[in-house]
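Q: I'd like to ask some things about the structure below.
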Amino acid sequence: MNYTLLAEQFFNGFQLGIILFLVAAGLTLIFGIMDLVNLAHGTLYMFGAFFASTLVAVTDSLVLGMILALPVMLAAGLLLEFSILRTLYERNHLDQVLATFGLILFFNELFLIVWGPEGTGINLPPYLTGTITLPGGITVPEYRMVIIASGLLVALLLYVLVSKTRVGMLIRAGASNREMVGALGINIKLLFTLVFGLGAVLAGFAGMIITPITQADSGMGESILILAFVVIVIGGIGSIKGAFIAAILTGLIDTMGRSFIDVALLQIMDTVAAETAGPAISSMMIYILMAIILAIKPSGLFPPKGA
Amino acid sequence: MTEIMLKVENLVKHFGGLVATDSLNIEVEQGEIHAVIGPNGAGKTTLIHQLSGMLESDSGTIHFDGQEISHMSSANRCHAGMVRSYQITSIFKDFSVLDNVAMSIQAREGHSFRFWKNANKDAVLAGKAREILVEMGLEERAEVLADNLAHGEQRQLEIAMALATDPKMLLLDEPMAGMGPEESSRVTKYLESMKGKYTMLLIEHDMDAVFALADRITVLVYGQAVACGTPEEIRGNEEVRHAYLGDD
Amino acid sequence: MNLEILKTPRGIYNSLLILLCIFMPWIAPAIGQDFFTDVFGRIMIVAIAAISLNLIMGFGGMISFGHAVFVGIGGYAVGIFASHGIESAYIQWPVGLLMSGLFALIIGAISLRTRGVYFIMITLAFAQMIYFLSVSIEKYGSDDGLTIDARSDFGIPFYDLNDALTMYFTVFVLMVACLLITRKMVNSRFGRVIRAAKSNDERMHTIGYPTYGYKLTAFVIAGMMCGLSGLLSANFEDFVSPDMMFWTFSGELIFIVVLGGMGTIMGPLGGAIIFLLLSEVLSNITNSWHLIFGPFLILVVLFARGGVEGFLAKFEKSPEAKS
């Protein structure tokens with residue numbers, strides 16, 4: 001086994017985990033607090049990627065473009081909440097699923113028309129294209145470290161917001177017992193709008209920071225959405241802590257699985273069999289993980305109290 | 001010597017730091033109506049949840065009709081002969097009144113893995129369901145959607161569904177809640193006429209009904225039984241008057 | 001068969017749906033649009049998948065967002081056997097149905113332990129798992145799929161699925177069979193348990209039903225019925241690919257059921273006809289038909305609850321809307 005490769009894949013997996021967390025955090029709060037099944041959360045991730053690409057191109061600055069994209073994300077999220085999703089809160093899950101499915105189809109098509117099937121992207125400025133050499137000869141691209149660092153920073157800010165502020169207290173209360181928050185005389189509509197806006201910004205942020213690596217294309221939201229579902233099901237709906245742990249776990253297992261399952265299988269079977277079984281098993285690993293966790297804990301690892 | 005139908009020993013249930021049921025002991029004799037009264041938050045509904053298997057108890061045992069049922073599923077407790085009713089009406093709203101009751105009948109007629117024969121035309125189910133509706137005075141409403149019943153009628157249907165499972169023991173969670181005086185007295189009379197046929201554990205806020213019906217009363221405060229006795233004993237119990245009955 | 005049903009708008013509409021399916025092979029050439037026969041063959045195959053979804057979702061309240069996976073499993077049963085030169089329907093079809101049922105058993109056993117939002121997401125996740133699995137296996141075409149050289153062979157003289165009309169009416173007969181099975185089943189004791197569990201699952205437990213087993217059984221039956229749709233699809237298109245179990249198809253199936261009228265027997269067929277004709281028409285006008293379809297879907301959800309059947313039922317005097 002090649003330990004440098006192992007370490008590099010660890011960073012790749014950790015970075016995927018960070019992105020997953022940013023998407024899943026908003027998703028889990030929206031599920032937990034508003035009881036809203038929002039399939040269009042992946043669409044917000046796509047928004048972030050495209051808006052930032054455009055703004056970076058216009059301003060010719062990665063940092064400025066991304067910073068400008070954040071309020072745009074907030075506005076887009078609030079607009080979406082205000083125009084359509086708000087009417088869905090009191091609808092059943094089925095209506096929510098279908099309506100947000102409709103949103104996905106619409107926006108994917110719209111973005112396809114505007115930006116074409118090739119999509120768009122962000123070119124990294126020269127100062128971010130290098131690699132960092134860690135002790136032990138492990139090289140990690142600079143930008144990957146930037147993603148991990150900024151993701152962790154946002155996670156930290158989110159933690160402070162949720163655990164140390166009054167709004168955060170309400171969010172936590174809402175996630176564990178929705179009726180109670182309403183009974184406390186809190187303006188629940190405002191709280192919902194705030195949470196949705198927060199979720200939109202987080203998902204958009206994830207979409208923009210990943211774009212220099214993956215490009216922005218129509219439909220990018222759904223592959224991340226389904227992974228984010230797996231994350232919040234594992235973590236427990238409504239739990240930020242659960243989302244974080246499950247996201248990192250999912251990111252690591254998925255990435256490491258894809259790199260090392262073949263190698264591991266070669267120890268126990270011949271080359272042809274391993275080359276067939278390897279991709280098959282690694283593509284299923286996180287779902288198997290989800291199945292195992294659900295079999296043991298049907299409400300995920302960290303179900304909010306009272307749920 | 002009457003037999004003990006339900007024996008609850010050292011039953012405990014915590015919710016976080018809150019003790020809902022605190023080392024509770026209750027014995028209900030066969031054929032008696034045993035009322036459980038207590039102020040709001042005393043843990044009465046929690047007790048019903050635990051007895052009916054909706055809530056797993058933290059510790060303690062429940063014996064029913066000679067067998068331990070502490071870890072039995074709700075469905076199996078029902079098959080063993082113990083059925084509950086709900087304080088907040090819990091019916092099949094998009095089914096007809098008759099079909100609501102027929103569901104209970106069907107449950108006691110063995111498994112329902114029968115995929116072909118039309119159950120709507122099943123004379124056995126409908127016939128027995130109709131008998132129950134006649135007993136409860138709901139026969140004229142048999143074909144109405146349960147959702148379209150008046151509130152009091154829904155409360156009656158609630159009890160009818162429990163009765164239709166052919167239980168040995170009924171756990172009645174505020175059966176008279178939300179009923180008008182007329183309906184309430186009808187249900188009281190009905191329950192009285194059922195005395196001896198079913199063993200009943202009755203939770204009720206309507207004290208007139210409780211003192212009229214109950215053979216024995218247990219007073220529950222903060223999950224603990226503070227007194228147990230005949231209606232006269234409870235009425236005369238200073239501690240209970242003080243803690244619960246007030247200036248009555 | 002009594003003719004009373006023809007006196008209600010729903011009865012007339014439902015009869016029209018069936019008549020359209022029966023006579024399309026003659027109507028289509030008559031109006032100079034031969035391809036409509038193919039379109040209707042496809043519609044009925046999708047309808048079978050929608051009928052099976054309606055069984056668990058419309059009658060049982062289980063919102064499966066991964067139902068298309070069973071179409072894929074049925075389809076690949078034909079494709080994989082055919083790629084090994086095994087064309088006998090007596091091997092392909094039982095294995096296809098059994099595999100669909102087995103996967104439904106596994107997915108259902110895990111998903112039904114949870115409820116609500118979890119159920120939706122888990123069924124979706126498992127469907128994606130099988131999707132990625134099919135993409136990852138190069139031996140069976142990866143995402144290019146498998147072209148099927150020979151349709152299932154039943155070995156009966158004069159019964160050959162390669163004949164277009166035979167294929168068409170095989171699909172028709174099986175679809176009608178699925179409709180009849182659903183009708184029988186939802187009115188049986190089993191069906192009542194499923195419907196009552198949708199209405200009030202907790203009460204079902206307290207009056208003595210362990211509903212898990214009943215729901216799981218319904219899920220497995222629906223999985224197999226949907227697998228049948230896949231078996232037919234593979235034969236009809238002479239092709240299978242991972243696309244047939246992609247999550248958007250599961251979403252479309254949900255929409256078809258809702259559009260036609262959830263929890264009604266004929267709803268899925270009506271929904272399939274409207275949806276597929278609409279997509280046919282829209283995609284002829286513009287490649288970007290999702291731009292119209294997306295908002296249309298939202299409008300249906302927001303303003304047309306109950307679907308077509310629900311709309312027509314409003315014109316009936318009898319309050320017993322459900323058959």
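Ordering of the structure tokens sets the chain letters (A, B, ...); residue numbers start at 1 within each chain; ligands are numbered from 1 in the order shown.
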I need the contact residues of chain C against chain B, so if you could list those with any atom within 7 Å, counting only C-alpha atoms, and return them as a list of chain:residue names, that would help.
A: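 Contact residues on the first chain: C:Lys184, C:Met185, C:Asn187, C:Ser188, C:Arg189, C:Phe190, C:Ala196, C:Ser199, C:Asn200, C:Arg203, C:His205, C:Thr206, C:Ile207, C:Gly208, C:Tyr209, C:Pro210.
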Q: For the selection you just gave me, I'd like the residues written to a file as a PDB file, in the first residue's frame, keeping C-alpha atoms.
A:
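And here's again-v8.pdb as it stands now:
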```
ATOM      1  CA  LYS C 184     -59.196  -6.789  -6.477  1.00  0.00           C
ATOM      2  CA  MET C 185     -56.413  -6.279  -4.021  1.00  0.00           C
ATOM      3  CA  ASN C 187     -60.806  -4.056  -1.835  1.00  0.00           C
ATOM      4  CA  SER C 188     -59.609  -7.266  -0.215  1.00  0.00           C
ATOM      5  CA  ARG C 189     -58.867  -7.614   3.474  1.00  0.00           C
ATOM      6  CA  PHE C 190     -55.202  -7.067   2.682  1.00  0.00           C
ATOM      7  CA  ALA C 196     -56.179   1.945   6.846  1.00  0.00           C
ATOM      8  CA  SER C 199     -55.037   6.656   7.087  1.00  0.00           C
ATOM      9  CA  ASN C 200     -53.860   6.032  10.657  1.00  0.00           C
ATOM     10  CA  ARG C 203     -54.404   3.109  15.471  1.00  0.00           C
ATOM     11  CA  HIS C 205     -51.254  -1.137  15.826  1.00  0.00           C
ATOM     12  CA  THR C 206     -53.522  -0.580  18.792  1.00  0.00           C
ATOM     13  CA  ILE C 207     -56.413  -2.479  17.235  1.00  0.00           C
ATOM     14  CA  GLY C 208     -54.122  -5.396  16.574  1.00  0.00           C
ATOM     15  CA  TYR C 209     -52.339  -5.075  13.239  1.00  0.00           C
ATOM     16  CA  PRO C 210     -48.558  -5.288  13.015  1.00  0.00           C
TER      17      PRO C 210
END
```
Q: When you get a sec, could you note down which chain A residues fall within 7 Å of chain C, using only C-alpha atoms, as an mmCIF file with N, CA and C atoms, in the first residue's frame?
A:
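This is the output file selection14.cif:
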```
data_model
loop_
_atom_site.group_PDB
_atom_site.id
_atom_site.type_symbol
_atom_site.label_atom_id
_atom_site.label_comp_id
_atom_site.auth_asym_id
_atom_site.auth_seq_id
_atom_site.Cartn_x
_atom_site.Cartn_y
_atom_site.Cartn_z
ATOM 1 N N VAL A 37 -39.542 18.931 2.490
ATOM 2 C CA VAL A 37 -38.657 18.124 1.652
ATOM 3 C C VAL A 37 -38.277 18.979 0.456
ATOM 4 N N ASP A 95 -46.569 16.634 -2.068
ATOM 5 C CA ASP A 95 -46.668 17.885 -2.806
ATOM 6 C C ASP A 95 -45.321 18.597 -2.835
ATOM 7 N N LEU A 98 -42.942 16.880 -5.300
ATOM 8 C CA LEU A 98 -43.258 17.136 -6.699
ATOM 9 C C LEU A 98 -42.962 18.576 -7.096
ATOM 10 N N ALA A 99 -43.372 19.517 -6.268
ATOM 11 C CA ALA A 99 -43.177 20.917 -6.628
ATOM 12 C C ALA A 99 -41.689 21.249 -6.726
ATOM 13 N N GLY A 102 -40.270 19.894 -9.798
ATOM 14 C CA GLY A 102 -40.568 20.811 -10.903
ATOM 15 C C GLY A 102 -39.562 21.955 -10.973
ATOM 16 N N LEU A 103 -39.186 22.471 -9.801
ATOM 17 C CA LEU A 103 -38.189 23.546 -9.764
ATOM 18 C C LEU A 103 -36.854 23.085 -10.345
ATOM 19 N N LEU A 105 -36.292 20.698 -12.550
ATOM 20 C CA LEU A 105 -36.375 20.544 -13.999
ATOM 21 C C LEU A 105 -36.290 21.907 -14.678
ATOM 22 N N PHE A 106 -37.022 22.855 -14.117
ATOM 23 C CA PHE A 106 -37.046 24.191 -14.706
ATOM 24 C C PHE A 106 -35.663 24.835 -14.702
ATOM 25 N N GLU A 109 -32.961 23.220 -16.905
ATOM 26 C CA GLU A 109 -33.167 23.536 -18.317
ATOM 27 C C GLU A 109 -32.767 24.980 -18.607
ATOM 28 N N LEU A 110 -33.185 25.863 -17.693
ATOM 29 C CA LEU A 110 -32.870 27.285 -17.872
ATOM 30 C C LEU A 110 -31.364 27.516 -17.935
ATOM 31 N N ILE A 226 -28.300 13.959 -3.699
ATOM 32 C CA ILE A 226 -28.585 12.599 -3.260
ATOM 33 C C ILE A 226 -27.561 12.141 -2.223
ATOM 34 N N PHE A 229 -28.585 13.690 0.950
ATOM 35 C CA PHE A 229 -29.662 12.907 1.576
ATOM 36 C C PHE A 229 -29.084 11.782 2.421
ATOM 37 N N VAL A 230 -28.142 11.065 1.803
ATOM 38 C CA VAL A 230 -27.512 9.969 2.532
ATOM 39 C C VAL A 230 -26.889 10.504 3.821
ATOM 40 N N VAL A 233 -29.587 11.420 6.423
ATOM 41 C CA VAL A 233 -30.246 10.217 6.939
ATOM 42 C C VAL A 233 -29.315 9.523 7.938
ATOM 43 N N THR A 276 -13.824 -5.995 -12.141
ATOM 44 C CA THR A 276 -15.277 -5.914 -12.309
ATOM 45 C C THR A 276 -15.951 -5.533 -10.999
ATOM 46 N N PRO A 279 -15.234 -1.406 -8.961
ATOM 47 C CA PRO A 279 -16.084 -0.225 -9.151
ATOM 48 C C PRO A 279 -17.494 -0.465 -8.641
ATOM 49 N N ALA A 280 -17.993 -1.691 -8.824
ATOM 50 C CA ALA A 280 -19.352 -1.996 -8.391
ATOM 51 C C ALA A 280 -19.487 -1.819 -6.882
ATOM 52 N N SER A 283 -18.968 1.878 -5.663
ATOM 53 C CA SER A 283 -20.075 2.795 -5.928
ATOM 54 C C SER A 283 -21.223 2.570 -4.948
ATOM 55 N N MET A 284 -21.218 1.390 -4.309
ATOM 56 C CA MET A 284 -22.324 1.084 -3.403
ATOM 57 C C MET A 284 -21.985 1.328 -1.935
ATOM 58 N N TYR A 287 -23.976 3.692 0.397
ATOM 59 C CA TYR A 287 -25.365 3.281 0.572
ATOM 60 C C TYR A 287 -25.459 2.082 1.507
ATOM 61 N N ALA A 291 -27.445 1.814 4.945
ATOM 62 C CA ALA A 291 -28.343 0.705 5.275
ATOM 63 C C ALA A 291 -27.990 0.113 6.630
ATOM 64 N N ALA A 295 -30.310 0.169 9.902
ATOM 65 C CA ALA A 295 -30.764 -1.086 10.489
ATOM 66 C C ALA A 295 -30.574 -1.054 12.003
ATOM 67 N N PRO A 298 -32.744 3.544 13.302
ATOM 68 C CA PRO A 298 -33.622 4.012 12.223
ATOM 69 C C PRO A 298 -33.747 5.537 12.123
#
```
Q: Quick one: DSSP strand (DSSP E) residues in range 10-105 of chain B, as a VMD selection string?
A: chain B and resid 10 to 15 18 to 29 33 to 37 59 to 64 67 to 68 82 to 84
Q: Just C-alpha atoms for this one: save the residues we selected as a PDB file, in the first residue's frame.
A:
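Final output, result-v5.pdb:
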```pdb
ATOM      1  CA  ASN B  10     -42.595  -0.723  39.797  1.00  0.00           C
ATOM      2  CA  LEU B  11     -43.304   0.815  36.422  1.00  0.00           C
ATOM      3  CA  VAL B  12     -40.946   3.673  35.518  1.00  0.00           C
ATOM      4  CA  LYS B  13     -40.765   6.073  32.595  1.00  0.00           C
ATOM      5  CA  HIS B  14     -38.430   9.046  32.281  1.00  0.00           C
ATOM      6  CA  PHE B  15     -38.497  11.750  29.632  1.00  0.00           C
ATOM      7  CA  LEU B  18     -38.712  14.404  33.894  1.00  0.00           C
ATOM      8  CA  VAL B  19     -40.214  11.413  35.683  1.00  0.00           C
ATOM      9  CA  ALA B  20     -43.578  10.639  34.082  1.00  0.00           C
ATOM     10  CA  THR B  21     -44.169   7.308  35.810  1.00  0.00           C
ATOM     11  CA  ASP B  22     -42.482   6.788  39.141  1.00  0.00           C
ATOM     12  CA  SER B  23     -42.285   3.226  40.510  1.00  0.00           C
ATOM     13  CA  LEU B  24     -45.975   2.809  39.924  1.00  0.00           C
ATOM     14  CA  ASN B  25     -47.920  -0.177  41.272  1.00  0.00           C
ATOM     15  CA  ILE B  26     -51.508  -0.806  40.249  1.00  0.00           C
ATOM     16  CA  GLU B  27     -53.676  -3.895  40.449  1.00  0.00           C
ATOM     17  CA  VAL B  28     -56.905  -4.133  38.534  1.00  0.00           C
ATOM     18  CA  GLU B  29     -59.274  -6.957  39.400  1.00  0.00           C
ATOM     19  CA  ILE B  33     -63.912  -0.477  36.623  1.00  0.00           C
ATOM     20  CA  HIS B  34     -60.732   1.010  37.975  1.00  0.00           C
ATOM     21  CA  ALA B  35     -60.482   4.753  37.528  1.00  0.00           C
ATOM     22  CA  VAL B  36     -57.175   6.612  37.472  1.00  0.00           C
ATOM     23  CA  ILE B  37     -57.540  10.276  38.310  1.00  0.00           C
ATOM     24  CA  SER B  59     -38.212  -0.551  34.027  1.00  0.00           C
ATOM     25  CA  GLY B  60     -40.906  -2.452  35.842  1.00  0.00           C
ATOM     26  CA  THR B  61     -43.256  -5.199  34.736  1.00  0.00           C
ATOM     27  CA  ILE B  62     -46.775  -5.453  33.422  1.00  0.00           C
ATOM     28  CA  HIS B  63     -48.708  -8.693  33.838  1.00  0.00           C
ATOM     29  CA  PHE B  64     -51.993  -9.091  32.035  1.00  0.00           C
ATOM     30  CA  GLN B  67     -48.874 -13.457  31.241  1.00  0.00           C
ATOM     31  CA  GLU B  68     -46.107 -10.912  31.235  1.00  0.00           C
ATOM     32  CA  MET B  82     -56.128  -5.443  26.108  1.00  0.00           C
ATOM     33  CA  VAL B  83     -57.183  -2.533  23.946  1.00  0.00           C
ATOM     34  CA  ARG B  84     -56.981   1.216  24.397  1.00  0.00           C
TER      35      ARG B  84
END
```
Q: Determine which residues of range 54-205 of chain B receive a DSSP assignment of helix (DSSP H, G or I), computed from the backbone, and state them as a PyMOL selection string.
A: chain B and resi 74-80+97-108+119-121+123-136+139-141+146-148+151-163+181-193
Q: With distances taken over only C-alpha atoms, which residue among A:Leu94, A:Leu74, A:Ile281, A:Ala149 lies nearest Ile209 in chain A?
A: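 Of all the options, A:Ala149 lies closest to Ile209 in chain A.
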